[in-house]
Every structure is written in C-alpha cells, then in structure tokens.
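Q: My questions will all concern the structure given below.
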Amino acid sequence: MALITFREAIRQAIDEEMARDENVFLIGEEVAEYDGAYKVSQGLLDKYGPQRVVDTPIAEAGFTGIGIGAAMAGLRPIVEWMTFNFSLLAFDQVVNNAAKMRHMSGGQVSVPIVFRGPNGPAEYLSSQHSQALQSLYAHVPGLIVVAPGTPYDAKGLLKSSIRNDNPVIFLEAELMYGWKGEVPEEEYLIPIGKADIKREGKDITLISYSKPLRMVEQAAEQLAGEGIEAEIVDLRTLRPLDEEAVYESVKKTNRCVIVDETWPFASVASHLGWLISRNCFDYLDAPVELVTSEDVPMPYNHTLELEVQPTVKKITDAAKRVLYL
Amino acid sequence: MSTVNKYEKTFLMKLLEQMLLIRRFEEKAAQMYGLRKIGGFCHLYIGQEAVAVGSIAALDLKKDYVLTAYRDHGHALACGMDPNGAMAELYGKVTGCSKGKGGSMHFFDEENHMYGGNGIVGAHIPIAAGMAFKIKYKQEDGVVLCYFGDGAIHQGVFHETLNMAKIWNLPVIFICENNFYGMGTNYKRVSSVHDYSIMGTSYGIPAWQVNGMDVLEVYEETQKAIKMVKEEKTPVLLEIQTYRYRGHSMSDPAKYRTKEEVEEYRNQDPIIILENKMTEAGLLTKEEYTEIDKRCKNIANESVRFAEESEEPPLEAMYEDIYA
C-alpha cells in the first residue's frame, strides 16, 4: 500500500471519479488555475480542462446554487467550499434547495452533489475562520454528512459520496491535509453510514470522527499504558448515524466518552449522548461524558485556542471519570 | 401591439385556452380556499397569465426547462401539468403532482421539465443557471426560463447568478415578472432603478422591457430572446411588466393600492386583449369563446372532484421521498 496524504487521497478520489464519469465536475473558488486553495485539486485543470474544473467568483451562494441546479439536471457536481466557514453564505441553498428538492417534488427530483472543503479549527485564525459546523448540517434531513478521519477512509468515502444520488456534505480539515496514511493502489469504496472500529478494547468506548480521531488514538495509547483498554468507534458518517455499531461497543464496555470538536450545545456529540443514554441505559456503568470544544468563539491566541478544543489530557481525564478512577 | 394576423388560428386558440384554464383553475382554487379545503399560502397568478403562457409557448419542453417562484400554478399548467394533479396538490392529496408534500408553492412536473415551485425569494435563480450549465456542459440545444418577481431582484443570488451566467454565457433567460408589488411594497419604493433591464446591462447581459398583458408580445419577445441565447451565446434578462388582481396571497386584502389602479389593469386584461384581437380579425366567434370558457370551467370543476375523491397520503409517507 502507498503512504499518501489526506490531500492526495481526496485528489485521487476526485480524479478517479472524473475519469470514470464525464458528468462529474469540480467547481469552486481557486480550484482550477490556482490548483486549489489547499492544493487538493492540483493538476486536475491540466488533466480535465476548464469545462470540468471550474473557477468561480467569490459568490458562495451563487455557485453552490448553480451546482445544485446542475445536479438536478443530471450532472454530478463536486462543489468545493474554500472553508466551511464560508459555506454559511450558501446555507440557504443547501438547506432550502439541495436538502428539500426531492421531498417537495414528491420524489421526482434527485440532487446528486457533494459539498466539500475544510471544516473545523485550524491555527491562529480567530473566530470567523475556525469553526466546526457539522452539527448545523447534521441537523437537516435530506442531507448526508460524511466525516472521515484517515486518508484511507477519505478516499473510499469520497468516491461513494460522488456516486451517491443525494446531497452529501463532506467534511475535511485544513490540519488533516498533510496527514499520511496507507491507501491501496487498487480501487475500493467505503459505504456511507458505516462506522469503523479503529481500535478494539473492553474497558471503555471512545467515540469520535474526523480530526479529533488522531487525538483519541493518542489518548487510547496513554490509557493502555495505564492498563485501560479503550475501544475507538470512528463514526465516519454523521448522517445517517451508525447507531448499531455504537450500541454494540457501549454494550460491551459499559462506559463511553464522545469526543467532538464542535460546540457542545445541540451538537452531534450531545445528540449521540442522548441516544446512548436512551438505548443503552441498562448497560451503562456511568453517565456518558462529552469532550467538546468550549462553548465560546475561537480566540486568536494560540494557548487559548488550543485550550478551547479537545486535548489528549481532556480525553484521558474524561475516560478516568467514567471509569471512576 | 402585436398583430394576430400572422398566426394560425389553432395556435391562437391554444394560447387563449391556456390563459382561460389558468384563470378558471385559480378562481376555483380561491373558492375552495374560502371553503377551507385548501390551506397555507396560496399565491394566485390571476392577471399575469399572459406571461407564463406567452413565454412557455416559445419552448420545446423536451430540451428546455422552466423554474419559477411560489406563484407557480400558471407556469405549471402552461407547461402541460395535469390540472387534476395540480388541484390535488393544493388539497394535499397523494395524487397531487408532488404527492401532497409540496402544496401550492411547490408544483413540480419533471416529465414536462417544470422544476418548481420554489419558495425562497430568489433562491431558485442560481438553480436555473445550474440547469443551463448542464445544457452547455452536455452541448445540448435547450434554454432555461427562470421566472421571479420584482421582489426577488434585490436578493444577492440574483446578482451573483447574473454575473456567473454571463462569464460562462449560460443559455438562460431570466424573466422578472414585475407585477409592481413585492408583497405589499411598490417596487419603486425599494429599488434604486425603476427600469430593471438596467440590472441586466450592468452585467453585460442583453435586457429589455416587455408588455406582459399582451400574450403575443410576450411570445414574440421570448422567441427573440431564445434566438439571441442560441446565436449570440449569451444569457438574457427580460422585465415583463404585468399585474396581479388579487393580493400577494389569499390572506392579503391588498390595501396598499387603489381600486382605480386595479380597475385600470382589469381593462387591459390579457385574456380580453387576445379575445378582442381575435374577434376583430374574424378568428373567434362569441360561441367559440363561450365553448372554450365552458371547457376550462369543466376542467377546473373536474379537478376539484378528482382532488376531493383522492386519498390522503398514508402516515408512513412522511418518511418517503427524502433520500434517493
């Protein structure tokens, strides 16, 4: 298997799907001549030309809507948002159009489209450029929300997302683009809606997805050093949520910590916490703990911004609370 | 004023009948709304029929597309939607064009390339350009007609979309149906320009004003716009001036305008204008008109019977038609 970056994995997925299906095209700010703001689309303009790798003006609502219309008419657009912070300008298009067309047309219209880009905190970017916005999208029926945490999952899930006939929100992260992981040479797909056990353990379940996953793996290593065997459930898809995989793990370990870099209020983590409390009540030996970002806008100061987010120590501390250690 | 003499009688009769069908269908819908058979918002098109009928008559709906806002009954019927499915949708019945999930604001007819029925003011304008993007991408021959009201023209996406439609020269005709009131607000109170064609030319898009009370003028100007889209490879903006007799929606008594103003426009009624022209040219007798009108009234009555006899959707239908 080749060791490639998260960025390359995303690019390979786009490249392979564009080669496979002429209806797939990439549209967004700086995706073509600039090779992508984060170099995800590097080389694609040369390979596929300006008809299929389309630079747009800075007009998120407009080009997102154009992508949705193209999808309704039968194309398979990949809309790149330079970051999810800017997706808020297009939120109306996603929530009121992409997510609703099928329903309000009584099933006549499909919207096969992927909206992708970096989500969540990066570094030194302050409040408007460091937001984890997945809970907003996961809230909306009609959308699929995918959040891979490794290059392998990113490639397989993006390929599945591009082939899916529904609007898919695909979450990446600026700080993940350089992360490396093993990815097979041969083609593979990962099904949407399936969680993955990233580490098996019997003492406690750690649930996470996307960027915090690496931190959770480090926490599990530390816990293992103290004789605690943590099981890691990587959700990979937030909507539809693989509830069965979660319950199966919690029923085995009887203890659970959810690690999510969103704000805590009405979040993916808080909803999942409720689901587990509701459906695994008789199996739990302690209340479910959440490790989320603090309920504040992101500060610029580096010490503060790191402390706002989940840390390895916050995760191990929460695990020990749940284990009454 | 366009002359009727150059047209076949069957074509003129088709336009007349479509306008009358929309009128009678909506009068019936208003009556049923009054009887509380229909709920929610119900935005009537009465007075504006010539815009949808005249422009859609210039299309080939096998390759062309239509999108409009929430005042959509007229466009849907002009595209060939079955009136029974339309009325059943107003009733929320399972036999409705959108299975009772969309209601008045969300008529869809994919077979006839009618893509809504869109409820957020202006938000379908980029969607229309996206469908035009597909036509260009696949090197097809079609055009997209995108209708919206004067109220939508100040939304950001209108301006974003016009810019992109022009830089990519998409085959789309933006049709601003200026009925003078964005809900209760006269357009002159909220617009920095009163001639909306200026908004097209500011993006390098050919644009002009059209009299929307004359169905033949609408037809001819739309044909001209389609020719321009295809030959000169450019989007077009039309400001088609029209008038709605009713309030913004059924709950609006329309106190922001005078009775005299409404009366003035009733005298330029698009149906009366065409009827008079055809009569003067010897292409329509009183009996023929009465017969068409009766047929349209029967279709409207039949649509009510169909809607009333149709089933409510089963409860489990709430979980359907969300994901493909």
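Just so we're on the same page: first chain in the structure tokens is A, next is B, and so on; residues restart at 1 for each chain, and ligands are numbered from 1 in the order they show up.
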When the cut-off is 10 Å and we count only C-alpha atoms, which residues of chain B are near chain A, given as a PyMOL selection string?
A: chain B and resi 65+94+96-103+105-111+113+115-120+123-138+156-165+167-168+317-324
Q: Run DSSP on the backbone and give me the residues of range 78-160 of chain B it puts in helix (DSSP H, G or I), as number ranges by chain.
A: B: 78, 83-90, 110-112, 125-137, 150-154, 156-160
Q: Looking at B:Trp208, B:Phe306, B:Tyr203, B:Phe180, which one is nearest to Leu237 in chain B, with distances taken over only C-alpha atoms?
A: B:Trp208
Q: Given the choices B:Cys296, B:Leu315, B:Val143, B:Ala29, which gets closest to Cys42 in chain B if the distance is worked out from only C-alpha atoms?
A: B:Ala29
Q: Tyr283 in chain A: which residues within 10 Å, counting only C-alpha atoms, same-chain residues fewer than 3 positions away excluded, as a list of chain:residue names?
A: A:Tyr247, A:Val250, A:Lys251, A:Lys252, A:Thr253, A:Asn254, A:Arg255, A:Ile276, A:Ser277, A:Asn279, A:Cys280, A:Ala286
Q: Give me, please, the distance in Å between CA of Ile113 in chain A and CA of Arg7 in chain A, quoted to one decimal.
A: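 Between CA of Ile113 in chain A and CA of Arg7 in chain A the gap is 19.9 Å.
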Q: Taking the DSSP assignment computed from this structure's backbone, write out as number ranges by chain all residues of range 83-272 of chain A that belong to strand (DSSP E).
A: A: 113-118, 144-146, 167-172, 180-183, 196-199, 204-208, 230-234, 237-239, 256-259
Q: Using Å and a single decimal, report how far CA of Ile192 in chain A sits from CA of Tyr152 in chain A.
A: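 Computed distance, CA of Tyr152 in chain A to CA of Ile192 in chain A, equals 13.7 Å.
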Q: For a quick check of understanding, using only C-alpha atoms, which of B:Lys277, B:Lys63, B:Arg295, B:Lys286 has the smallest distance to Leu145 in chain B?
A: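 Of B:Lys277, B:Lys63, B:Arg295, B:Lys286, the one nearest Leu145 in chain B, counting only C-alpha atoms, is B:Lys63.
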Q: What does the distance from CA of Pro253 in chain B to CA of Glu49 in chain B come to in Å, to one decimal?
A: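 Distance reported for this atom pair: 20.7 Å.
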Q: Do a neighbour search on Val262 in chain B at 7 Å with only C-alpha atoms, toss out local chain neighbours closer than 4 positions, and write the hits as an mmCIF file with C-alpha atoms, in the first residue's frame.
A:
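In the end it all went to out_34.cif:
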data_model
loop_
_atom_site.group_PDB
_atom_site.id
_atom_site.type_symbol
_atom_site.label_atom_id
_atom_site.label_comp_id
_atom_site.auth_asym_id
_atom_site.auth_seq_id
_atom_site.Cartn_x
_atom_site.Cartn_y
_atom_site.Cartn_z
ATOM 1 C CA TYR B 245 -55.510 41.401 -9.461
ATOM 2 C CA THR B 258 -56.308 51.828 -5.041
ATOM 3 C CA ARG B 266 -58.602 44.878 -15.425
#
Q: Could you list, as a list in words, every residue within 12 Å of Gly43 in chain A, counting only C-alpha atoms and ignoring same-chain residues fewer than 2 positions away?
A: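 Returned residues: Glu8, Arg11, Gln12, Ile14, Asp15, Val31, Ala32, Glu33, Tyr34, Asp35, Gly36, Lys39, Val40, Ser41, Leu45, Asp46, Lys47, Tyr48, Gly49, Pro50 and Val53 of chain A.
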Q: Have a look at A:Ala319, A:Leu325, A:Ile207, A:Ile162 and name the one nearest to Asp21 in chain A; count only C-alpha atoms.
A: A:Ile162
Q: So, with only C-alpha atoms as the atoms that count, which of B:Val172, B:Leu21, B:Met32, B:Ala86 lies closest to Val66 in chain B?
A: B:Val172
Q: Calculated over only C-alpha atoms, which of the candidates B:Tyr70, B:Asn211, B:Ala88, B:Pro270 has the smallest distance to Gln18 in chain B?
A: B:Pro270
Q: Could you list, as a ChimeraX atom specification, every residue within 10 Å of Leu125 in chain A, counting only C-alpha atoms and ignoring same-chain residues fewer than 2 positions away?
A: /A:121-123,127-131,298-302,305
